[in-house]
file upload-v9.cif (mmCIF, C-alpha atoms (C1' of nucleotides))
data_start
loop_
_atom_site.label_atom_id
_atom_site.label_comp_id
_atom_site.auth_asym_id
_atom_site.auth_seq_id
_atom_site.Cartn_x
_atom_site.Cartn_y
_atom_site.Cartn_z
CA MET B 1 -34.30 -52.05 -9.52
CA GLU B 2 -37.76 -53.62 -9.43
CA THR B 3 -39.81 -50.47 -9.13
CA PRO B 4 -38.64 -47.58 -11.27
CA GLY B 5 -39.02 -45.27 -8.27
CA ARG B 6 -40.84 -42.00 -8.07
CA ARG B 7 -37.89 -40.04 -9.37
CA GLU B 8 -37.60 -42.09 -12.53
CA ARG B 9 -41.31 -41.85 -13.06
CA LYS B 10 -41.33 -38.10 -12.77
CA LYS B 11 -38.42 -37.85 -15.12
CA ALA B 12 -40.17 -40.01 -17.65
CA ALA B 13 -43.33 -37.97 -17.22
CA THR B 14 -41.48 -34.73 -17.90
CA ARG B 15 -39.87 -36.24 -20.96
CA GLN B 16 -43.20 -37.45 -22.23
CA ALA B 17 -44.82 -34.10 -21.57
CA LEU B 18 -42.13 -32.46 -23.64
CA ALA B 19 -42.45 -34.88 -26.52
CA ASP B 20 -46.24 -34.54 -26.46
CA ALA B 21 -46.15 -30.77 -26.30
CA ALA B 22 -43.65 -30.65 -29.14
CA LEU B 23 -45.64 -32.93 -31.41
CA LYS B 24 -48.84 -31.07 -30.69
CA LEU B 25 -47.37 -27.68 -31.49
CA PHE B 26 -45.48 -28.94 -34.52
CA LEU B 27 -48.64 -30.41 -35.98
CA GLU B 28 -50.59 -27.25 -35.22
CA ARG B 29 -48.19 -24.66 -36.57
CA GLY B 30 -45.43 -26.49 -38.43
CA TYR B 31 -41.94 -27.31 -37.26
CA ASP B 32 -40.27 -24.02 -38.11
CA GLN B 33 -43.01 -21.93 -36.57
CA VAL B 34 -42.48 -23.44 -33.15
CA SER B 35 -39.57 -22.43 -30.96
CA ILE B 36 -37.90 -24.45 -28.27
CA ARG B 37 -39.23 -21.93 -25.80
CA ASP B 38 -42.79 -22.45 -26.96
CA ILE B 39 -42.41 -26.15 -26.32
CA ALA B 40 -40.82 -25.72 -22.93
CA GLU B 41 -43.57 -23.34 -21.92
CA GLU B 42 -46.31 -25.66 -23.14
CA ALA B 43 -44.80 -28.44 -21.04
CA ASP B 44 -44.26 -25.97 -18.21
CA VAL B 45 -40.52 -26.49 -17.79
CA SER B 46 -37.50 -24.35 -18.52
CA THR B 47 -35.64 -24.56 -21.80
CA THR B 48 -32.55 -25.85 -20.05
CA THR B 49 -34.58 -28.73 -18.70
CA LEU B 50 -35.74 -29.51 -22.19
CA PHE B 51 -32.17 -29.80 -23.36
CA LYS B 52 -31.39 -32.18 -20.52
CA HIS B 53 -33.96 -34.57 -21.96
CA PHE B 54 -33.39 -34.07 -25.66
CA PRO B 55 -30.15 -33.20 -27.40
CA GLY B 56 -31.82 -30.92 -29.92
CA LYS B 57 -35.01 -29.75 -31.52
CA GLU B 58 -35.24 -32.56 -34.03
CA ALA B 59 -34.87 -35.22 -31.37
CA LEU B 60 -38.24 -34.19 -29.94
CA VAL B 61 -39.90 -35.69 -32.97
CA PHE B 62 -38.01 -38.99 -33.03
CA ASP B 63 -38.64 -40.25 -29.56
CA GLN B 64 -39.20 -43.98 -29.96
CA ASP B 65 -36.20 -45.47 -31.72
CA GLN B 66 -34.52 -47.38 -28.95
CA ASP B 67 -34.01 -50.97 -30.04
CA ARG B 68 -34.02 -50.73 -33.79
CA GLU B 69 -30.35 -51.52 -33.77
CA ALA B 70 -30.67 -54.53 -31.48
CA LEU B 71 -33.53 -55.80 -33.61
CA PHE B 72 -31.52 -55.68 -36.81
CA ILE B 73 -28.65 -57.51 -35.18
CA ALA B 74 -30.98 -60.18 -33.80
CA VAL B 75 -32.43 -60.64 -37.26
CA VAL B 76 -29.01 -61.40 -38.67
CA ARG B 77 -27.96 -63.70 -35.85
CA GLN B 78 -31.13 -65.64 -35.23
CA ARG B 79 -32.41 -66.27 -38.71
CA ARG B 80 -33.77 -69.59 -39.86
CA GLU B 81 -31.48 -72.36 -41.03
CA GLY B 82 -30.54 -71.96 -44.64
CA GLN B 83 -31.89 -68.45 -44.93
CA SER B 84 -29.42 -65.95 -46.32
CA VAL B 85 -28.59 -62.75 -44.50
CA VAL B 86 -30.10 -60.65 -47.24
CA ASP B 87 -33.35 -62.59 -47.17
CA ALA B 88 -33.56 -62.31 -43.42
CA LEU B 89 -33.14 -58.57 -43.70
CA ARG B 90 -35.70 -58.40 -46.46
CA GLU B 91 -38.19 -60.23 -44.31
CA HIS B 92 -37.49 -57.97 -41.38
CA VAL B 93 -37.92 -54.81 -43.37
CA LEU B 94 -41.16 -56.02 -44.90
CA ASP B 95 -42.65 -57.42 -41.71
CA GLY B 96 -41.18 -55.01 -39.27
CA TRP B 97 -41.13 -51.37 -39.95
CA LEU B 98 -43.18 -51.38 -43.11
CA LYS B 99 -46.30 -52.24 -41.15
CA LEU B 100 -45.96 -49.24 -38.89
CA ALA B 101 -45.84 -46.98 -41.89
CA ASP B 102 -49.53 -47.25 -42.74
CA HIS B 103 -51.00 -46.89 -39.31
CA PRO B 104 -53.64 -44.23 -39.93
CA GLN B 105 -52.52 -42.36 -36.82
CA MET B 106 -49.10 -42.11 -38.39
CA ALA B 107 -50.32 -40.16 -41.38
CA GLU B 108 -50.04 -36.64 -40.01
CA TYR B 109 -46.80 -37.51 -38.29
CA THR B 110 -45.39 -38.74 -41.58
CA ASP B 111 -46.60 -35.61 -43.31
CA LEU B 112 -44.83 -33.49 -40.75
CA VAL B 113 -41.53 -35.25 -41.32
CA ASN B 114 -41.87 -35.31 -45.10
CA SER B 115 -42.62 -31.62 -45.26
CA THR B 116 -39.71 -30.54 -43.07
CA PRO B 117 -36.21 -30.83 -44.58
CA ALA B 118 -34.50 -30.66 -41.21
CA LEU B 119 -36.54 -33.62 -40.02
CA GLN B 120 -35.96 -35.66 -43.17
CA THR B 121 -32.23 -35.25 -42.77
CA TYR B 122 -32.32 -36.10 -39.11
CA GLY B 123 -34.55 -39.09 -39.74
CA GLU B 124 -32.20 -40.53 -42.35
CA ARG B 125 -29.34 -40.08 -39.97
CA MET B 126 -31.21 -41.99 -37.29
CA TRP B 127 -31.16 -44.99 -39.58
CA THR B 128 -27.69 -44.82 -41.06
CA ARG B 129 -26.30 -44.32 -37.56
CA HIS B 130 -26.73 -48.07 -37.11
CA THR B 131 -24.56 -48.91 -40.09
CA ALA B 132 -21.52 -49.82 -38.02
CA ALA B 133 -23.44 -52.13 -35.70
CA LEU B 134 -25.36 -53.92 -38.44
CA SER B 135 -22.25 -54.21 -40.54
CA ALA B 136 -20.37 -55.78 -37.66
CA ALA B 137 -23.13 -58.33 -37.13
CA ILE B 138 -23.10 -59.26 -40.81
CA ALA B 139 -19.32 -59.53 -40.84
CA GLU B 140 -19.29 -61.71 -37.76
CA ASP B 141 -21.88 -63.97 -39.30
CA ALA B 142 -19.84 -64.27 -42.48
CA GLY B 143 -16.66 -64.83 -40.52
CA VAL B 144 -14.73 -61.90 -41.93
CA ALA B 145 -13.10 -58.82 -40.48
CA PRO B 146 -15.53 -56.40 -38.85
CA ASP B 147 -14.55 -53.59 -41.18
CA ASN B 148 -15.11 -55.63 -44.32
CA ILE B 149 -16.24 -53.21 -46.96
CA SER B 150 -18.86 -55.43 -48.54
CA CYS B 151 -20.54 -55.87 -45.21
CA GLN B 152 -20.47 -52.17 -44.55
CA ALA B 153 -21.93 -51.49 -47.95
CA LEU B 154 -24.72 -54.01 -47.50
CA ALA B 155 -25.58 -52.59 -44.09
CA ARG B 156 -25.61 -49.09 -45.41
CA PHE B 157 -27.72 -49.94 -48.42
CA VAL B 158 -30.29 -51.75 -46.31
CA LEU B 159 -30.51 -48.83 -43.93
CA ASP B 160 -30.95 -46.50 -46.88
CA ILE B 161 -34.22 -48.20 -47.74
CA PRO B 162 -36.45 -46.03 -45.57
CA ALA B 163 -35.08 -42.92 -47.22
CA LEU B 164 -35.48 -44.45 -50.67
CA THR B 165 -39.06 -45.60 -50.20
CA ARG B 166 -40.40 -42.65 -48.25
CA GLY B 167 -43.65 -41.41 -49.66
CA ARG B 168 -43.97 -44.16 -52.25
CA PRO B 169 -47.42 -45.39 -53.28
CA GLU B 170 -46.32 -49.05 -53.17
CA PRO B 171 -43.62 -49.36 -50.54
CA ARG B 172 -43.85 -53.14 -50.46
CA LYS B 173 -43.01 -53.52 -54.10
CA ALA B 174 -40.30 -50.90 -53.82
CA VAL B 175 -38.62 -52.77 -50.98
CA GLU B 176 -38.76 -56.01 -52.96
CA GLU B 177 -37.11 -54.40 -55.95
CA ILE B 178 -34.31 -52.95 -53.88
CA PHE B 179 -33.63 -56.32 -52.30
CA ASP B 180 -33.61 -57.90 -55.73
CA LEU B 181 -30.91 -55.44 -56.65
CA LEU B 182 -28.95 -56.36 -53.54
CA THR B 183 -29.42 -60.06 -54.16
CA HIS B 184 -28.78 -60.32 -57.87
CA GLY B 185 -27.11 -57.11 -58.79
CA TRP B 186 -28.24 -54.39 -61.14
CA ARG B 187 -30.25 -55.38 -64.16
CA MET B 188 -31.46 -52.96 -66.69
CA PRO B 189 -35.14 -52.74 -65.79
CA MET Q 190 -21.19 -11.94 -72.05
CA GLU Q 191 -17.70 -12.47 -73.45
CA THR Q 192 -15.73 -10.92 -70.62
CA PRO Q 193 -16.80 -11.84 -67.12
CA GLY Q 194 -16.91 -8.11 -66.30
CA ARG Q 195 -15.34 -6.35 -63.39
CA ARG Q 196 -18.32 -6.95 -61.19
CA GLU Q 197 -18.21 -10.70 -61.64
CA ARG Q 198 -14.51 -10.68 -60.99
CA LYS Q 199 -14.84 -8.75 -57.78
CA LYS Q 200 -17.62 -10.95 -56.62
CA ALA Q 201 -15.56 -14.03 -57.31
CA ALA Q 202 -12.61 -12.47 -55.53
CA THR Q 203 -14.65 -11.78 -52.42
CA ARG Q 204 -16.01 -15.28 -52.48
CA GLN Q 205 -12.56 -16.72 -52.82
CA ALA Q 206 -11.21 -14.52 -50.04
CA LEU Q 207 -13.95 -15.83 -47.77
CA ALA Q 208 -13.34 -19.46 -48.63
CA ASP Q 209 -9.60 -19.02 -48.16
CA ALA Q 210 -9.98 -17.22 -44.86
CA ALA Q 211 -12.37 -19.88 -43.63
CA LEU Q 212 -10.14 -22.79 -44.58
CA LYS Q 213 -7.11 -21.11 -43.07
CA LEU Q 214 -8.81 -20.44 -39.75
CA PHE Q 215 -10.49 -23.84 -39.65
CA LEU Q 216 -7.17 -25.58 -40.16
CA GLU Q 217 -5.52 -23.40 -37.56
CA ARG Q 218 -8.06 -23.66 -34.78
CA GLY Q 219 -10.60 -26.29 -35.74
CA TYR Q 220 -14.05 -25.83 -37.17
CA ASP Q 221 -15.95 -25.28 -33.96
CA GLN Q 222 -13.42 -22.83 -32.60
CA VAL Q 223 -13.94 -20.43 -35.48
CA SER Q 224 -16.99 -18.21 -35.67
CA ILE Q 225 -18.60 -16.73 -38.75
CA ARG Q 226 -17.50 -13.34 -37.48
CA ASP Q 227 -13.89 -14.40 -37.30
CA ILE Q 228 -14.04 -15.46 -40.92
CA ALA Q 229 -15.79 -12.34 -42.11
CA GLU Q 230 -13.27 -10.22 -40.27
CA GLU Q 231 -10.32 -12.13 -41.69
CA ALA Q 232 -11.68 -11.55 -45.17
CA ASP Q 233 -12.53 -7.99 -44.25
CA VAL Q 234 -16.23 -8.10 -45.08
CA SER Q 235 -19.35 -8.02 -42.97
CA THR Q 236 -21.08 -11.19 -41.81
CA THR Q 237 -24.08 -10.19 -43.87
CA THR Q 238 -21.92 -10.21 -46.97
CA LEU Q 239 -20.59 -13.62 -46.07
CA PHE Q 240 -24.10 -15.02 -46.05
CA LYS Q 241 -24.76 -13.56 -49.45
CA HIS Q 242 -21.98 -15.74 -50.81
CA PHE Q 243 -22.46 -18.90 -48.78
CA PRO Q 244 -25.68 -20.30 -47.43
CA GLY Q 245 -24.11 -21.44 -44.17
CA LYS Q 246 -20.98 -22.16 -42.26
CA GLU Q 247 -20.44 -25.65 -43.65
CA ALA Q 248 -20.69 -24.41 -47.22
CA LEU Q 249 -17.47 -22.47 -46.74
CA VAL Q 250 -15.59 -25.74 -46.67
CA PHE Q 251 -17.20 -27.33 -49.73
CA ASP Q 252 -16.59 -24.70 -52.32
CA GLN Q 253 -15.78 -26.58 -55.50
CA ASP Q 254 -18.64 -28.96 -56.17
CA GLN Q 255 -20.32 -27.32 -59.10
CA ASP Q 256 -20.43 -29.79 -61.94
CA ARG Q 257 -20.25 -33.09 -60.14
CA GLU Q 258 -23.86 -33.66 -61.05
CA ALA Q 259 -23.41 -32.79 -64.71
CA LEU Q 260 -20.37 -35.04 -64.83
CA PHE Q 261 -22.23 -38.05 -63.50
CA ILE Q 262 -25.02 -37.53 -65.97
CA ALA Q 263 -22.56 -37.20 -68.84
CA VAL Q 264 -20.91 -40.43 -67.75
CA VAL Q 265 -24.20 -42.27 -68.02
CA ARG Q 266 -25.19 -40.74 -71.35
CA GLN Q 267 -21.91 -40.74 -73.19
CA ARG Q 268 -20.42 -44.05 -72.25
CA ARG Q 269 -18.76 -46.35 -74.71
CA GLU Q 270 -20.76 -48.73 -76.86
CA GLY Q 271 -21.53 -51.92 -75.04
CA GLN Q 272 -20.47 -50.63 -71.65
CA SER Q 273 -23.07 -51.05 -68.96
CA VAL Q 274 -24.23 -48.15 -66.83
CA VAL Q 275 -22.75 -49.67 -63.71
CA ASP Q 276 -19.37 -50.16 -65.34
CA ALA Q 277 -19.37 -46.61 -66.63
CA LEU Q 278 -20.07 -45.37 -63.14
CA ARG Q 279 -17.39 -47.61 -61.71
CA GLU Q 280 -14.88 -46.21 -64.14
CA HIS Q 281 -15.88 -42.68 -63.36
CA VAL Q 282 -15.60 -43.17 -59.62
CA LEU Q 283 -12.20 -44.81 -59.93
CA ASP Q 284 -10.76 -42.37 -62.45
CA GLY Q 285 -12.53 -39.26 -61.36
CA TRP Q 286 -12.83 -38.39 -57.75
CA LEU Q 287 -10.64 -41.11 -56.37
CA LYS Q 288 -7.55 -39.49 -57.80
CA LEU Q 289 -8.24 -36.25 -56.02
CA ALA Q 290 -8.42 -38.09 -52.75
CA ASP Q 291 -4.70 -38.74 -52.43
CA HIS Q 292 -3.37 -35.37 -53.43
CA PRO Q 293 -0.96 -34.65 -50.61
CA GLN Q 294 -2.34 -31.12 -50.29
CA MET Q 295 -5.71 -32.69 -49.61
CA ALA Q 296 -4.55 -34.49 -46.50
CA GLU Q 297 -5.15 -31.78 -43.94
CA TYR Q 298 -8.37 -30.83 -45.64
CA THR Q 299 -9.56 -34.42 -45.40
CA ASP Q 300 -8.54 -34.55 -41.77
CA LEU Q 301 -10.56 -31.46 -41.07
CA VAL Q 302 -13.68 -32.94 -42.58
CA ASN Q 303 -13.20 -36.34 -40.99
CA SER Q 304 -12.75 -34.85 -37.54
CA THR Q 305 -15.80 -32.62 -37.67
CA PRO Q 306 -19.19 -34.34 -37.47
CA ALA Q 307 -21.04 -31.35 -38.87
CA LEU Q 308 -18.83 -31.41 -41.95
CA GLN Q 309 -19.13 -35.15 -42.44
CA THR Q 310 -22.89 -34.86 -42.44
CA TYR Q 311 -22.87 -31.93 -44.77
CA GLY Q 312 -20.40 -33.62 -47.09
CA GLU Q 313 -22.51 -36.74 -47.39
CA ARG Q 314 -25.51 -34.61 -48.16
CA MET Q 315 -23.61 -32.86 -50.92
CA TRP Q 316 -23.33 -36.20 -52.66
CA THR Q 317 -26.72 -37.69 -52.04
CA ARG Q 318 -28.28 -34.43 -53.15
CA HIS Q 319 -27.58 -35.55 -56.71
CA THR Q 320 -29.53 -38.75 -56.31
CA ALA Q 321 -32.58 -37.47 -58.16
CA ALA Q 322 -30.60 -36.18 -61.13
CA LEU Q 323 -28.41 -39.26 -61.51
CA SER Q 324 -31.39 -41.51 -61.04
CA ALA Q 325 -33.28 -39.68 -63.76
CA ALA Q 326 -30.36 -40.06 -66.16
CA ILE Q 327 -30.15 -43.79 -65.46
CA ALA Q 328 -33.90 -44.20 -65.90
CA GLU Q 329 -33.88 -42.30 -69.16
CA ASP Q 330 -31.06 -44.44 -70.42
CA ALA Q 331 -32.92 -47.60 -69.48
CA GLY Q 332 -36.13 -46.29 -70.95
CA VAL Q 333 -38.23 -46.51 -67.79
CA ALA Q 334 -40.17 -44.05 -65.68
CA PRO Q 335 -38.01 -41.38 -64.05
CA ASP Q 336 -39.10 -42.41 -60.57
CA ASN Q 337 -38.22 -46.06 -61.09
CA ILE Q 338 -37.15 -47.38 -57.74
CA SER Q 339 -34.28 -49.54 -58.97
CA CYS Q 340 -32.75 -46.57 -60.68
CA GLN Q 341 -33.13 -44.45 -57.59
CA ALA Q 342 -31.57 -47.16 -55.49
CA LEU Q 343 -28.61 -47.57 -57.83
CA ALA Q 344 -28.03 -43.83 -57.93
CA ARG Q 345 -28.21 -43.57 -54.18
CA PHE Q 346 -25.89 -46.51 -53.62
CA VAL Q 347 -23.29 -45.15 -56.01
CA LEU Q 348 -23.42 -41.77 -54.33
CA ASP Q 349 -23.02 -43.46 -50.96
CA ILE Q 350 -19.60 -44.68 -51.98
CA PRO Q 351 -17.64 -41.64 -50.81
CA ALA Q 352 -19.16 -41.96 -47.37
CA LEU Q 353 -18.48 -45.68 -47.30
CA THR Q 354 -14.87 -45.48 -48.35
CA ARG Q 355 -13.86 -42.37 -46.44
CA GLY Q 356 -10.65 -42.91 -44.55
CA ARG Q 357 -9.97 -46.36 -45.97
CA PRO Q 358 -6.42 -47.55 -46.50
CA GLU Q 359 -7.22 -49.04 -49.91
CA PRO Q 360 -10.00 -46.98 -51.43
CA ARG Q 361 -9.48 -48.47 -54.87
CA LYS Q 362 -10.11 -52.00 -53.74
CA ALA Q 363 -13.04 -50.86 -51.63
CA VAL Q 364 -14.69 -49.18 -54.58
CA GLU Q 365 -14.21 -52.28 -56.69
CA GLU Q 366 -15.84 -54.48 -54.07
CA ILE Q 367 -18.82 -52.21 -53.75
CA PHE Q 368 -19.32 -52.20 -57.49
CA ASP Q 369 -19.07 -55.97 -57.51
CA LEU Q 370 -21.91 -56.00 -55.03
CA LEU Q 371 -23.92 -53.69 -57.25
CA THR Q 372 -23.14 -55.75 -60.34
CA HIS Q 373 -23.58 -59.29 -59.08
CA GLY Q 374 -25.46 -58.94 -55.83
CA TRP Q 375 -24.41 -59.81 -52.34
CA ARG Q 376 -22.15 -62.81 -51.88
CA MET Q 377 -20.99 -64.00 -48.57
CA PRO Q 378 -17.40 -62.80 -48.60
"C1'" DG K 379 -22.26 11.06 -71.60
"C1'" DT K 380 -25.55 10.77 -68.28
"C1'" DA K 381 -29.34 8.85 -65.71
"C1'" DA K 382 -31.59 5.21 -63.89
"C1'" DA K 383 -31.59 0.10 -62.78
"C1'" DA K 384 -29.23 -3.67 -60.73
"C1'" DA K 385 -26.00 -5.69 -57.96
"C1'" DA K 386 -22.66 -5.73 -54.12
"C1'" DG K 387 -21.80 -4.46 -49.81
"C1'" DT K 388 -22.60 -2.41 -45.01
"C1'" DG K 389 -24.54 -1.76 -40.31
"C1'" DC K 390 -27.56 -2.97 -37.08
"C1'" DA K 391 -31.00 -5.16 -34.74
"C1'" DA K 392 -33.55 -9.21 -34.03
"C1'" DT K 393 -34.69 -14.21 -33.56
"C1'" DG K 394 -33.84 -18.69 -32.19
"C1'" DA K 395 -30.89 -22.69 -30.95
"C1'" DG K 396 -27.99 -24.28 -27.72
"C1'" DT K 397 -24.68 -23.75 -23.44
"C1'" DC K 398 -23.10 -22.52 -18.85
"C1'" DA K 399 -22.80 -21.69 -13.89
"C1'" DA K 400 -24.85 -21.17 -9.69
"C1'" DC K 401 -28.68 -22.15 -7.31
"C1'" DT K 402 -33.15 -24.64 -5.35
"C1'" DT K 403 -35.92 -28.58 -4.60
"C1'" DA K 404 -37.35 -33.12 -3.96
"C1'" DG K 405 -36.46 -38.31 -3.82
"C1'" DT K 406 -33.45 -41.88 -2.03
"C1'" DG K 407 -31.25 -44.54 1.11
"C1'" DA K 408 -28.65 -45.25 5.36
"C1'" DT G 409 -33.45 -37.64 10.55
"C1'" DC G 410 -29.55 -36.38 7.47
"C1'" DA G 411 -26.63 -36.28 3.83
"C1'" DC G 412 -26.36 -37.37 -1.04
"C1'" DT G 413 -27.83 -37.08 -5.64
"C1'" DA G 414 -30.36 -36.06 -9.61
"C1'" DA G 415 -33.99 -32.93 -11.56
"C1'" DG G 416 -35.18 -28.58 -12.33
"C1'" DT G 417 -34.69 -23.35 -12.35
"C1'" DT G 418 -32.85 -18.80 -13.61
"C1'" DG G 419 -30.71 -15.69 -16.32
"C1'" DA G 420 -27.19 -14.41 -18.92
"C1'" DC G 421 -24.42 -15.72 -22.71
"C1'" DT G 422 -22.53 -17.27 -27.58
"C1'" DC G 423 -23.31 -18.04 -32.09
"C1'" DA G 424 -25.59 -18.79 -36.62
"C1'" DT G 425 -28.76 -16.86 -39.53
"C1'" DT G 426 -32.23 -13.39 -41.29
"C1'" DG G 427 -34.46 -8.93 -42.40
"C1'" DC G 428 -34.30 -4.10 -43.24
"C1'" DA G 429 -32.77 0.17 -44.59
"C1'" DC G 430 -28.97 2.30 -46.46
"C1'" DT G 431 -24.53 3.39 -49.44
"C1'" DT G 432 -21.49 2.39 -53.12
"C1'" DT G 433 -20.25 0.57 -57.28
"C1'" DT G 434 -21.00 -1.24 -62.05
"C1'" DT G 435 -23.85 -1.87 -65.94
"C1'" DT G 436 -27.20 -0.68 -69.20
"C1'" DA G 437 -30.26 2.13 -71.72
"C1'" DC G 438 -31.11 6.37 -73.68
#
call {"tool": "encode", "arguments": {"input": "upload-v9.cif", "output": "structure tokens"}}
result
Amino acid sequence: METPGRRERKKAATRQALADAALKLFLERGYDQVSIRDIAEEADVSTTTLFKHFPGKEALVFDQDQDREALFIAVVRQRREGQSVVDALREHVLDGWLKLADHPQMAEYTDLVNSTPALQTYGERMWTRHTAALSAAIAEDAGVAPDNISCQALARFVLDIPALTRGRPEPRKAVEEIFDLLTHGWRMP
Amino acid sequence: METPGRRERKKAATRQALADAALKLFLERGYDQVSIRDIAEEADVSTTTLFKHFPGKEALVFDQDQDREALFIAVVRQRREGQSVVDALREHVLDGWLKLADHPQMAEYTDLVNSTPALQTYGERMWTRHTAALSAAIAEDAGVAPDNISCQALARFVLDIPALTRGRPEPRKAVEEIFDLLTHGWRMP
DNA sequence: GTAAAAAAGTGCAATGAGTCAACTTAGTGA
DNA sequence: TCACTAAGTTGACTCATTGCACTTTTTTAC
């Protein structure tokens, strides 16, 4: 298992070619104006091959979301002494994914997602999919049942943040305000 | 505009026939095992006609969600003196939609939705779609800008509640706990 | 009361996503 | 080398959804 092996490498190459082709065409013509077949052709594979690498059209756009879930769980488990779960999550959101958001290379990518309803929906789902895992980590940390509703709610609300702050001029401030709500409860602003 | 007119009535009848046919077939065979054509045929109309009444397959299942949005807004605006927005929303959630949940006739319907991923997704979206409107009402009430992030977050979190409490043994208690979180902030349970 | 205008519905063909089954090819490992 | 396995191919297929041209009501205006 040291070397990935030629097979693995070729597989990865094909996958990458597909993702690249897709992103290129989507940016050129717009998501809806590109068909699966266009993408497969651009990457010079058959459409069936494409579907062996990606479960659907939207997945071609969200290709690098492997260890988000593990990261969130680690944040809960390995936080500093005396730091609350909510504060640890706040820190992670601010330091972690918020930085990626204003990479200049990300701009057109972000525009693509924001201008395509199907991708917005799918993107939100990619986050909230981790609700169960994050919730379980929080519950374990608090020493309560894994299906504790407060923990599930907190997890869900935290994972809603990307959707809530998308396209905001001051995402940092927005994130802070949301965490204030989660920490202290609603106060008439 | 007094009488609905024959036209309106016929239109409504067709629509109802479609919704009924769809629900019947879905319950009989399961969502994925029923095609649009099956439904159209059962209701004795063409598939084209079906799509003039419903924007898609999932919409056939969620047919009675007209004034949810208006209701939420009314709850915010016309609450009792001295009652906070959050408490008004809590009351509405507990009194309003929670009661419908345990109608015995609803059981198989609920099962259908819960066992079909496409319908779960669509159902969640039906709620969160009202985020903007509810958020605006809350912001107006609080006298802040309509895109105030705290208001948007509160609206979103409240509308997340159906998704969070779906299939719970004690929905009432769950709703209360979530509102406690929104009122007082997160407390290690 | 009759003639448009508007709406409801139909039929049909097309597009595009996603699936399936049977096959070929190339990498792996003994 | 040889058999095994996973990647890829082909082509046909299902199904949702849309567009277009057409017919049949119902309503509205004259």
call {"tool": "resolve_selection", "arguments": {"input": "upload-v9.cif", "expression": "the PyMOL selection byres ((chain B) within 12 of (chain K))", "output": "PyMOL selection string"}}
result
chain B and resi 5-11+32-38+47-48+50-52+54-58
call {"tool": "closest_atom_pairs", "arguments": {"input": "upload-v9.cif", "of": "chain B", "to": "chain Q", "cutoff": "7 Å", "atoms": "only C-alpha atoms", "output": "JSON lines"}}
result
{"residue": "B:Ala142", "atom": "CA", "partner": "Q:Met377", "partner_atom": "CA", "distance": 6.2}
{"residue": "B:Ile149", "atom": "CA", "partner": "Q:Ala363", "partner_atom": "CA", "distance": 6.1}
{"residue": "B:Ser150", "atom": "CA", "partner": "Q:Ile367", "partner_atom": "CA", "distance": 6.1}
{"residue": "B:Ala153", "atom": "CA", "partner": "Q:Ile367", "partner_atom": "CA", "distance": 6.6}
{"residue": "B:Phe157", "atom": "CA", "partner": "Q:Phe346", "partner_atom": "CA", "distance": 6.5}
{"residue": "B:Leu164", "atom": "CA", "partner": "Q:Ala342", "partner_atom": "CA", "distance": 6.8}
{"residue": "B:Ala174", "atom": "CA", "partner": "Q:Ile338", "partner_atom": "CA", "distance": 6.1}
{"residue": "B:Glu177", "atom": "CA", "partner": "Q:Ser339", "partner_atom": "CA", "distance": 6.4}
{"residue": "B:Ile178", "atom": "CA", "partner": "Q:Ser339", "partner_atom": "CA", "distance": 6.1}
{"residue": "B:Leu181", "atom": "CA", "partner": "Q:Gly374", "partner_atom": "CA", "distance": 6.5}
{"residue": "B:Leu182", "atom": "CA", "partner": "Q:Gly374", "partner_atom": "CA", "distance": 4.9}
{"residue": "B:Thr183", "atom": "CA", "partner": "Q:Gly374", "partner_atom": "CA", "distance": 4.4}
{"residue": "B:His184", "atom": "CA", "partner": "Q:Gly374", "partner_atom": "CA", "distance": 4.1}
{"residue": "B:Gly185", "atom": "CA", "partner": "Q:Gly374", "partner_atom": "CA", "distance": 3.9}
{"residue": "B:Trp186", "atom": "CA", "partner": "Q:Thr372", "partner_atom": "CA", "distance": 5.3}
{"residue": "B:Met188", "atom": "CA", "partner": "Q:Ala331", "partner_atom": "CA", "distance": 6.2}
{"residue": "B:Pro189", "atom": "CA", "partner": "Q:Ala331", "partner_atom": "CA", "distance": 6.7}
call {"tool": "resolve_selection", "arguments": {"input": "upload-v9.cif", "expression": "the PyMOL selection byres ((chain G) within 9 of (chain Q))", "output": "ChimeraX atom specification"}}
result
/G:423-425,433-435
call {"tool": "resolve_selection", "arguments": {"input": "upload-v9.cif", "expression": "the PyMOL selection byres ((chain Q and resi 312) around 10)", "output": "ChimeraX atom specification"}}
result
/Q:247-248,250-251,302-303,306-311,313-318,351-352
call {"tool": "atom_distance", "arguments": {"input": "upload-v9.cif", "atom1": "CA of Gln16 (chain B)", "atom2": "CA of Gln105 (chain B)"}}
result
18.0 Å
call {"tool": "atom_distance", "arguments": {"input": "upload-v9.cif", "atom1": "CA of Ala101 (chain B)", "atom2": "CA of Glu170 (chain B)"}}
result
11.5 Å
call {"tool": "atom_distance", "arguments": {"input": "upload-v9.cif", "atom1": "CA of Asp95 (chain B)", "atom2": "CA of Pro169 (chain B)"}}
result
17.4 Å
call {"tool": "residues_around", "arguments": {"input": "upload-v9.cif", "residues": "region 259-271 of chain Q", "least_positions_apart": "6", "cutoff": "12 Å", "atoms": "all atoms listed in the file", "output": "list in words"}}
result
Ala277, Leu278, Arg279, Glu280, His281, Val282, Asp284, Gly285, Trp286, Trp316, His319, Thr320, Ala321, Ala322, Leu323, Ser324, Ala325, Ala326, Ile327, Ala328, Glu329, Asp330, Ala331, Ala344, Val347 and Leu348 of chain Q
call {"tool": "closest_residue", "arguments": {"input": "upload-v9.cif", "among": "Q:Leu216, Q:Leu289, Q:Leu301, Q:Ala206", "to": "Ala229 (chain Q)", "atoms": "only C-alpha atoms"}}
result
Q:Ala206
